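Data block below; observations after.
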There are 2 protein chains.
Amino acid sequence: MTISQPLATMLVNGVAADTVAVLNRGLMYGDGVFRTLRVVGGRPRYWARHYRRLVADCSRLAITPPEEALLKEELDRLIRSAPDCVVKIVVTRGEGGRGYAPPREAHPTRILLKTALPTYPPHYWETGVRLHLCRLRLAHQPRLAGIKHLNRLENVLARAEWSDPDVPEGLLLDVEGNVIEGTMTNLFMRQGARLITSDLSRCGVAGVTRECILEVAPHLGLTSEERSFGLAELFAADEVLVCNSLIGLWPVRALEGRQWQPGSLVARLSQSLESLDA
Amino acid sequence: MTISQPLATMLVNGVAADTVAVLNRGLMYGDGVFRTLRVVGGRPRYWARHYRRLVADCSRLAITPPEEALLKEELDRLIRSAPDCVVKIVVTRGEGGRGYAPPREAHPTRILLKTALPTYPPHYWETGVRLHLCRLRLAHQPRLAGIKHLNRLENVLARAEWSDPDVPEGLLLDVEGNVIEGTMTNLFMRQGARLITSDLSRCGVAGVTRECILEVAPHLGLTSEERSFGLAELFAADEVLVCNSLIGLWPVRALEGRQWQPGSLVARLSQSLESLDA
């Protein structure tokens with residue numbers, strides 16, 4: 001019998017650790033990106049897509065992404081003891097001296113962080129959620145739009161606007177009043193046979209679940225659109241949902257004065273999404 | 001004789017350390033603020049103003065700032081061995097679980113970080129600097145404007161645009177084409193007897209040196225204005241300067257095709273600023 005090592009909940013560059021250097025540019029400038037994955041039965045869901053997005057986001061910031069095999073090996077090592085969990089992957093530009101200029105030879109830092117699945121009441125999936133309408137408006141920054149980067153103060157300030165425990169999400173508009181996303185989710189609305197999600201070319205975060213929904217929509221007889229729309233159009237929608245990799249899909253049942261009746265959209269999409277990751 | 005302790009270059013919550021928790025919200029979300037101070041002859045310049053701004057910035061993000069006496073004691077401890085240096089003070093919301101919502105009982109993290117004074121050629125002060133005109137445009141986010149917060153990806157991307165070692169600073173415009181600041185400095189222009197700096201209510205960082213210049217300008221017979229202006233007005237200015245707590249003031253001698261002759265503005269302002277901190 002061998003003495004078992006304590007099980008790591010975090011790996012920093014492959015080594016069990018729960019700290020990073022103060023000089024890490026992730027801390028100094030938010031100079032990095034992240035992904036949040038759900039692990040089910042020992043398998044990270046939609047791994048290939050998450051990795052692809054991580055690479056794309058790193059590329060937008062000119063950060064060298066970790067090799068897939070290396071990251072996957074570390075991920076597998078981390079989740080061996082926890083077949084059902086959440087893993088957050090953070091990649092920063094690494095350590096750097098003072099000053100904004102990226103170091104000529106940067107050594108990116110990769111952080112894997114395992115946590116328990118969050119618990120939410122089952123009725124969030126069944127009958128839907130009420131959304132808070134955030135007062136904070138998202139700024140337009142095309143150079144950062146869509147990227148899941150570490151500059152998340154807008155989300156922090158927006159999420160601090162409400163504390164009602166039965167309101168799990170807030171809706172974010174941009175400076176022009178376009179509906180963009182939730183503080184931690186993407187949003188879709190259905191108008192008849194059209195499934196519409198916000199254009200994220202000027203702000204917002206493009207999640208993997210959003211990408212999957214856009215892909216499966218045609219198989220359900222829905223045309224999908226990425227475009228701008230405002231609150232009036234959202235209120236007029238037949239069904240609304242929010243989604244991310246952790247929760248999957250929640251129907252939206254209320255926002256301000258508007259109430260939506262439970263429909264079949266979320267159930268149909270969820271089923272199709274399963275087949276995508278089979 | 002006692003064995004002397006190694007001299008700390010960093011203090012985290014008052015203790016010599018060079019790491020922070022992975023779960024620190026400063027790393028996860030850039031959920032914090034900072035200041036950069038110059039220490040001359042063992043004295044942190046403009047301490048009272050830096051502390052006041054730190055408190056104001058913390059307040060905008062609803063982070064409890066450290067007590068002045070505590071922070072000053074730690075600062076003095078850190079600089080005892082280095083009478084001339086730079087100290088960066090970072091205050092984050094502290095550690096927190098997953099999710100953007102600020103923890104109900106947050107314990108902010110304070111980090112003090114000592115580095116050597118950066119070296120620049122003397123002619124930057126004497127004859128001035130050439131500025132790169134950044135392609136990146138600053139987004140408008142009134143909720144974060146003016147705050148020296150840790151979401152600095154715009155600065156990182158802007159600073160990565162050029163690498164000419166004789167161009168120490170880049171000029172940032174906002175999405176509307178207004179002149180805002182340098183990547184690490186604030187900017188002033190002189191039009192006759194008027195000294196004008198950009199309005200920072202929608203983007204930009206309000207530095208202490210900028211504040212000091214606005215205060216001393218009237219004593220030099222200059223009226224001071226904070227307002228929006230574009231490149232055309234900047235090119236037409238009699239003199240231009242950039243400033244921050246580390247470099248003090250640099251005249252701007254060139255931007256795109258425009259050249260400025262060395263004037264007396266920087267010298268006169270610098271002298272007045274000395275008396276402010278006496």
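Chain lettering (A, B, ...) mirrors the order of the structure tokens, residue numbering begins at 1 for each chain separately, and ligand numbering begins at 1 in order of display.
When the distance limit is 8 Å and only C-alpha atoms are what count, the residues near Thr197 in chain A, minus those fewer than 3 positions from it on the same chain, are Asn186, Leu187, Phe188, Met189, Ser224, Glu225, Glu226 and Arg227 of chain A.
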Writing out the chosen residues with N, CA, C and O atoms as a compact mmCIF listing (two decimals), in the first residue's frame:
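Produced file out_24.txt, reproduced below:
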```
# COMPACT_ATOMS: atom_id res chain seq x y z
N ASN A 186 -24.86 33.57 -22.11
CA ASN A 186 -25.32 34.17 -23.35
C ASN A 186 -26.84 34.03 -23.41
O ASN A 186 -27.43 33.27 -22.64
N LEU A 187 -27.45 34.76 -24.29
CA LEU A 187 -28.91 34.82 -24.35
C LEU A 187 -29.41 34.55 -25.78
O LEU A 187 -28.78 34.97 -26.75
N PHE A 188 -30.52 33.82 -25.86
CA PHE A 188 -31.20 33.59 -27.13
C PHE A 188 -32.67 33.96 -26.97
O PHE A 188 -33.24 33.80 -25.89
N MET A 189 -33.28 34.41 -28.07
CA MET A 189 -34.74 34.57 -28.07
C MET A 189 -35.29 33.88 -29.32
O MET A 189 -34.61 33.78 -30.33
N SER A 224 -31.12 30.45 -37.51
CA SER A 224 -30.43 31.18 -36.43
C SER A 224 -29.82 32.46 -36.97
O SER A 224 -29.37 32.53 -38.11
N GLU A 225 -29.86 33.48 -36.13
CA GLU A 225 -29.33 34.79 -36.50
C GLU A 225 -28.49 35.36 -35.36
O GLU A 225 -28.87 35.23 -34.20
N GLU A 226 -27.39 35.97 -35.73
CA GLU A 226 -26.62 36.76 -34.77
C GLU A 226 -26.77 38.20 -35.19
O GLU A 226 -26.26 38.59 -36.25
N ARG A 227 -27.47 38.99 -34.39
CA ARG A 227 -27.68 40.39 -34.79
C ARG A 227 -28.06 41.24 -33.58
O ARG A 227 -28.36 40.71 -32.51
```
With only C-alpha atoms counted and 7 Å as the cut-off, give the residues of chain B in contact with chain A, each with its shortest interatomic distance in Å and the pair that gives it, as a tab-separated table.
```
residue	atom	partner	partner_atom	distance
B:Asp18	CA	A:Val22	CA	5.5
B:Thr19	CA	A:Ala21	CA	4.2
B:Val20	CA	A:Thr19	CA	5.3
B:Ala21	CA	A:Thr19	CA	4.2
B:Val22	CA	A:Thr19	CA	4.8
B:Gly26	CA	A:Leu27	CA	5.5
B:Leu27	CA	A:Leu27	CA	4.1
B:Met28	CA	A:Leu150	CA	6.2
B:Tyr29	CA	A:Arg152	CA	4.7
B:Gly30	CA	A:Gly30	CA	5.1
B:Asp31	CA	A:Leu153	CA	6.0
B:Tyr100	CA	A:Val156	CA	4.9
B:Ala101	CA	A:Arg159	CA	5.2
B:Pro102	CA	A:Ala160	CA	6.4
B:Ala139	CA	A:Gln141	CA	5.3
B:His140	CA	A:Ala139	CA	5.6
B:Gln141	CA	A:Ala139	CA	5.3
B:Leu150	CA	A:Tyr29	CA	5.2
B:Asn151	CA	A:Asn151	CA	4.6
B:Arg152	CA	A:Tyr29	CA	4.7
B:Leu153	CA	A:Asp31	CA	6.0
B:Asn155	CA	A:Tyr100	CA	6.3
B:Val156	CA	A:Tyr100	CA	4.9
B:Arg159	CA	A:Ala101	CA	5.2
B:Ala160	CA	A:Ala101	CA	5.6
```
task: Kindly give the distance, in Å, that separates CA of Lys148 in chain A and CA of Phe235 in chain A, rounded to a single decimal.
output: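 Computed distance, CA of Lys148 in chain A to CA of Phe235 in chain A, equals 27.6 Å.
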query: Can you tell me how far CA of Lys72 in chain A sits from CA of Arg35 in chain A, in Å to one decimal?
result: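 Atom-to-atom, CA of Lys72 in chain A to CA of Arg35 in chain A, that is 13.4 Å.
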- request: List every residue of range 64-270 of chain A that DSSP, applied to the backbone, labels as alpha helix (DSSP H), and write the result as a PyMOL selection string.
  value: chain A and resi 68-79+123-126+153-159+208-216+231-235+265-270
For C-alpha atoms, I'd like the residues from the last selection saved as a PDB file, in the first residue's frame.
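What ended up in again_13.pdb:
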```pdb
ATOM      1  CA  GLU A  68      -3.669  20.690 -26.342  1.00  0.00           C
ATOM      2  CA  ALA A  69      -2.051  17.405 -25.260  1.00  0.00           C
ATOM      3  CA  LEU A  70      -0.328  19.061 -22.311  1.00  0.00           C
ATOM      4  CA  LEU A  71      -3.444  20.872 -21.153  1.00  0.00           C
ATOM      5  CA  LYS A  72      -5.595  17.782 -21.571  1.00  0.00           C
ATOM      6  CA  GLU A  73      -3.142  15.642 -19.607  1.00  0.00           C
ATOM      7  CA  GLU A  74      -3.215  18.155 -16.766  1.00  0.00           C
ATOM      8  CA  LEU A  75      -6.979  18.377 -16.914  1.00  0.00           C
ATOM      9  CA  ASP A  76      -7.316  14.585 -16.754  1.00  0.00           C
ATOM     10  CA  ARG A  77      -4.890  14.458 -13.829  1.00  0.00           C
ATOM     11  CA  LEU A  78      -6.893  17.105 -11.965  1.00  0.00           C
ATOM     12  CA  ILE A  79     -10.303  15.507 -12.445  1.00  0.00           C
ATOM     13  CA  HIS A 123     -37.108  24.886 -11.092  1.00  0.00           C
ATOM     14  CA  TYR A 124     -34.532  27.105 -12.797  1.00  0.00           C
ATOM     15  CA  TRP A 125     -34.379  24.465 -15.533  1.00  0.00           C
ATOM     16  CA  GLU A 126     -38.016  23.458 -15.382  1.00  0.00           C
ATOM     17  CA  LEU A 153     -14.956  44.470 -13.764  1.00  0.00           C
ATOM     18  CA  GLU A 154     -18.075  45.203 -15.798  1.00  0.00           C
ATOM     19  CA  ASN A 155     -19.433  41.785 -14.825  1.00  0.00           C
ATOM     20  CA  VAL A 156     -18.451  42.292 -11.183  1.00  0.00           C
ATOM     21  CA  LEU A 157     -20.172  45.697 -10.987  1.00  0.00           C
ATOM     22  CA  ALA A 158     -23.248  44.395 -12.796  1.00  0.00           C
ATOM     23  CA  ARG A 159     -23.507  41.308 -10.559  1.00  0.00           C
ATOM     24  CA  VAL A 208     -19.199  27.524 -26.241  1.00  0.00           C
ATOM     25  CA  THR A 209     -22.843  26.712 -25.450  1.00  0.00           C
ATOM     26  CA  ARG A 210     -23.925  29.667 -27.595  1.00  0.00           C
ATOM     27  CA  GLU A 211     -21.797  28.316 -30.424  1.00  0.00           C
ATOM     28  CA  CYS A 212     -23.372  24.859 -30.037  1.00  0.00           C
ATOM     29  CA  ILE A 213     -26.906  26.240 -30.031  1.00  0.00           C
ATOM     30  CA  LEU A 214     -26.244  28.166 -33.230  1.00  0.00           C
ATOM     31  CA  GLU A 215     -25.035  24.913 -34.740  1.00  0.00           C
ATOM     32  CA  VAL A 216     -27.959  22.695 -33.756  1.00  0.00           C
ATOM     33  CA  LEU A 231     -35.441  45.346 -25.157  1.00  0.00           C
ATOM     34  CA  ALA A 232     -38.671  45.917 -27.088  1.00  0.00           C
ATOM     35  CA  GLU A 233     -37.874  43.052 -29.401  1.00  0.00           C
ATOM     36  CA  LEU A 234     -36.840  40.852 -26.486  1.00  0.00           C
ATOM     37  CA  PHE A 235     -40.126  41.526 -24.682  1.00  0.00           C
ATOM     38  CA  LEU A 265     -37.447  25.279 -26.809  1.00  0.00           C
ATOM     39  CA  VAL A 266     -35.015  24.547 -23.989  1.00  0.00           C
ATOM     40  CA  ALA A 267     -35.887  20.851 -23.857  1.00  0.00           C
ATOM     41  CA  ARG A 268     -35.544  20.455 -27.619  1.00  0.00           C
ATOM     42  CA  LEU A 269     -32.249  22.325 -27.778  1.00  0.00           C
ATOM     43  CA  SER A 270     -30.841  20.463 -24.780  1.00  0.00           C
TER      44      SER A 270
END
```
From range 91-177 of chain B, collect each residue whose DSSP state is strand (DSSP E or B) and return the set as a PDB file with N, CA and C atoms, in the first residue's frame.
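result_31.pdb, freshly written:
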```pdb
ATOM      1  N   VAL B  91      -4.585  47.076  -4.429  1.00  0.00           N
ATOM      2  CA  VAL B  91      -5.612  46.640  -3.482  1.00  0.00           C
ATOM      3  C   VAL B  91      -6.676  45.884  -4.264  1.00  0.00           C
ATOM      4  N   THR B  92      -6.868  44.614  -3.924  1.00  0.00           N
ATOM      5  CA  THR B  92      -7.914  43.835  -4.598  1.00  0.00           C
ATOM      6  C   THR B  92      -9.052  43.554  -3.609  1.00  0.00           C
ATOM      7  N   GLU B  95      -9.885  37.355  -1.702  1.00  0.00           N
ATOM      8  CA  GLU B  95     -10.215  36.047  -2.256  1.00  0.00           C
ATOM      9  C   GLU B  95     -11.721  35.858  -2.299  1.00  0.00           C
ATOM     10  N   THR B 109      -7.162  42.436  -0.270  1.00  0.00           N
ATOM     11  CA  THR B 109      -5.738  42.117  -0.254  1.00  0.00           C
ATOM     12  C   THR B 109      -4.968  43.376  -0.618  1.00  0.00           C
ATOM     13  N   ARG B 110      -3.950  43.707   0.174  1.00  0.00           N
ATOM     14  CA  ARG B 110      -3.107  44.846  -0.187  1.00  0.00           C
ATOM     15  C   ARG B 110      -1.704  44.328  -0.497  1.00  0.00           C
ATOM     16  N   ILE B 111      -1.192  44.788  -1.618  1.00  0.00           N
ATOM     17  CA  ILE B 111       0.107  44.343  -2.096  1.00  0.00           C
ATOM     18  C   ILE B 111       0.979  45.581  -2.285  1.00  0.00           C
ATOM     19  N   LEU B 112       2.176  45.555  -1.717  1.00  0.00           N
ATOM     20  CA  LEU B 112       3.140  46.629  -1.950  1.00  0.00           C
ATOM     21  C   LEU B 112       4.337  46.012  -2.637  1.00  0.00           C
ATOM     22  N   LEU B 113       4.793  46.652  -3.669  1.00  0.00           N
ATOM     23  CA  LEU B 113       5.757  46.059  -4.578  1.00  0.00           C
ATOM     24  C   LEU B 113       6.787  47.118  -4.913  1.00  0.00           C
ATOM     25  N   LYS B 114       8.038  46.831  -4.538  1.00  0.00           N
ATOM     26  CA  LYS B 114       9.109  47.823  -4.709  1.00  0.00           C
ATOM     27  C   LYS B 114       9.968  47.467  -5.911  1.00  0.00           C
ATOM     28  N   THR B 115      10.234  48.439  -6.761  1.00  0.00           N
ATOM     29  CA  THR B 115      11.137  48.194  -7.894  1.00  0.00           C
ATOM     30  C   THR B 115      12.074  49.384  -8.031  1.00  0.00           C
ATOM     31  N   VAL B 129       9.730  63.981 -26.043  1.00  0.00           N
ATOM     32  CA  VAL B 129       9.570  62.618 -26.563  1.00  0.00           C
ATOM     33  C   VAL B 129       8.707  62.605 -27.824  1.00  0.00           C
ATOM     34  N   ARG B 130       8.913  61.559 -28.596  1.00  0.00           N
ATOM     35  CA  ARG B 130       8.046  61.318 -29.742  1.00  0.00           C
ATOM     36  C   ARG B 130       6.975  60.337 -29.305  1.00  0.00           C
ATOM     37  N   LEU B 131       5.744  60.570 -29.676  1.00  0.00           N
ATOM     38  CA  LEU B 131       4.638  59.678 -29.321  1.00  0.00           C
ATOM     39  C   LEU B 131       4.214  58.839 -30.521  1.00  0.00           C
ATOM     40  N   HIS B 132       3.895  57.596 -30.242  1.00  0.00           N
ATOM     41  CA  HIS B 132       3.216  56.743 -31.218  1.00  0.00           C
ATOM     42  C   HIS B 132       1.720  57.040 -31.151  1.00  0.00           C
ATOM     43  N   LEU B 133       1.055  57.113 -32.282  1.00  0.00           N
ATOM     44  CA  LEU B 133      -0.399  57.288 -32.267  1.00  0.00           C
ATOM     45  C   LEU B 133      -1.059  55.901 -32.304  1.00  0.00           C
ATOM     46  N   CYS B 134      -1.674  55.517 -31.203  1.00  0.00           N
ATOM     47  CA  CYS B 134      -2.219  54.152 -31.089  1.00  0.00           C
ATOM     48  C   CYS B 134      -3.450  53.972 -31.977  1.00  0.00           C
ATOM     49  N   ARG B 135      -3.518  52.793 -32.593  1.00  0.00           N
ATOM     50  CA  ARG B 135      -4.702  52.455 -33.385  1.00  0.00           C
ATOM     51  C   ARG B 135      -5.862  52.060 -32.473  1.00  0.00           C
ATOM     52  N   LEU B 136      -5.540  51.396 -31.368  1.00  0.00           N
ATOM     53  CA  LEU B 136      -6.607  51.011 -30.433  1.00  0.00           C
ATOM     54  C   LEU B 136      -7.310  52.266 -29.912  1.00  0.00           C
ATOM     55  N   ARG B 137      -8.627  52.220 -29.895  1.00  0.00           N
ATOM     56  CA  ARG B 137      -9.400  53.332 -29.355  1.00  0.00           C
ATOM     57  C   ARG B 137     -10.025  52.930 -28.028  1.00  0.00           C
ATOM     58  N   LEU B 138      -9.932  53.807 -27.059  1.00  0.00           N
ATOM     59  CA  LEU B 138     -10.484  53.498 -25.734  1.00  0.00           C
ATOM     60  C   LEU B 138     -12.013  53.461 -25.764  1.00  0.00           C
ATOM     61  N   GLY B 146     -11.629  56.943 -15.185  1.00  0.00           N
ATOM     62  CA  GLY B 146     -10.879  57.686 -14.175  1.00  0.00           C
ATOM     63  C   GLY B 146     -10.209  56.787 -13.154  1.00  0.00           C
ATOM     64  N   HIS B 149      -7.775  51.009 -12.212  1.00  0.00           N
ATOM     65  CA  HIS B 149      -8.172  49.647 -11.844  1.00  0.00           C
ATOM     66  C   HIS B 149      -7.300  48.623 -12.557  1.00  0.00           C
ATOM     67  N   GLU B 169       6.223  56.400 -25.440  1.00  0.00           N
ATOM     68  CA  GLU B 169       4.816  56.494 -25.057  1.00  0.00           C
ATOM     69  C   GLU B 169       3.936  56.533 -26.309  1.00  0.00           C
ATOM     70  N   GLY B 170       2.692  56.085 -26.129  1.00  0.00           N
ATOM     71  CA  GLY B 170       1.719  56.102 -27.212  1.00  0.00           C
ATOM     72  C   GLY B 170       0.514  56.934 -26.813  1.00  0.00           C
ATOM     73  N   LEU B 171      -0.072  57.600 -27.785  1.00  0.00           N
ATOM     74  CA  LEU B 171      -1.237  58.450 -27.526  1.00  0.00           C
ATOM     75  C   LEU B 171      -2.514  57.671 -27.805  1.00  0.00           C
ATOM     76  N   LEU B 172      -3.422  57.714 -26.861  1.00  0.00           N
ATOM     77  CA  LEU B 172      -4.689  57.000 -26.983  1.00  0.00           C
ATOM     78  C   LEU B 172      -5.837  57.956 -27.250  1.00  0.00           C
ATOM     79  N   LEU B 173      -6.597  57.653 -28.278  1.00  0.00           N
ATOM     80  CA  LEU B 173      -7.847  58.368 -28.546  1.00  0.00           C
ATOM     81  C   LEU B 173      -8.993  57.476 -28.079  1.00  0.00           C
ATOM     82  N   ASP B 174     -10.167  58.066 -27.932  1.00  0.00           N
ATOM     83  CA  ASP B 174     -11.327  57.230 -27.603  1.00  0.00           C
ATOM     84  C   ASP B 174     -12.088  56.887 -28.882  1.00  0.00           C
TER      85      ASP B 174
END
```
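Among the candidate residues B:Ile196, B:Leu255, B:Ala16, B:Val40, the one lying nearest to Leu117 in chain B is B:Val40, with distances computed using only C-alpha atoms.
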field: Minimum-distance residue to Gly128 in chain A, chosen among A:Gly192, A:Pro251, A:Gly263, A:Pro168 (using only C-alpha atoms)
entry: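 For Gly128 in chain A, the nearest of the given residues is A:Pro251.
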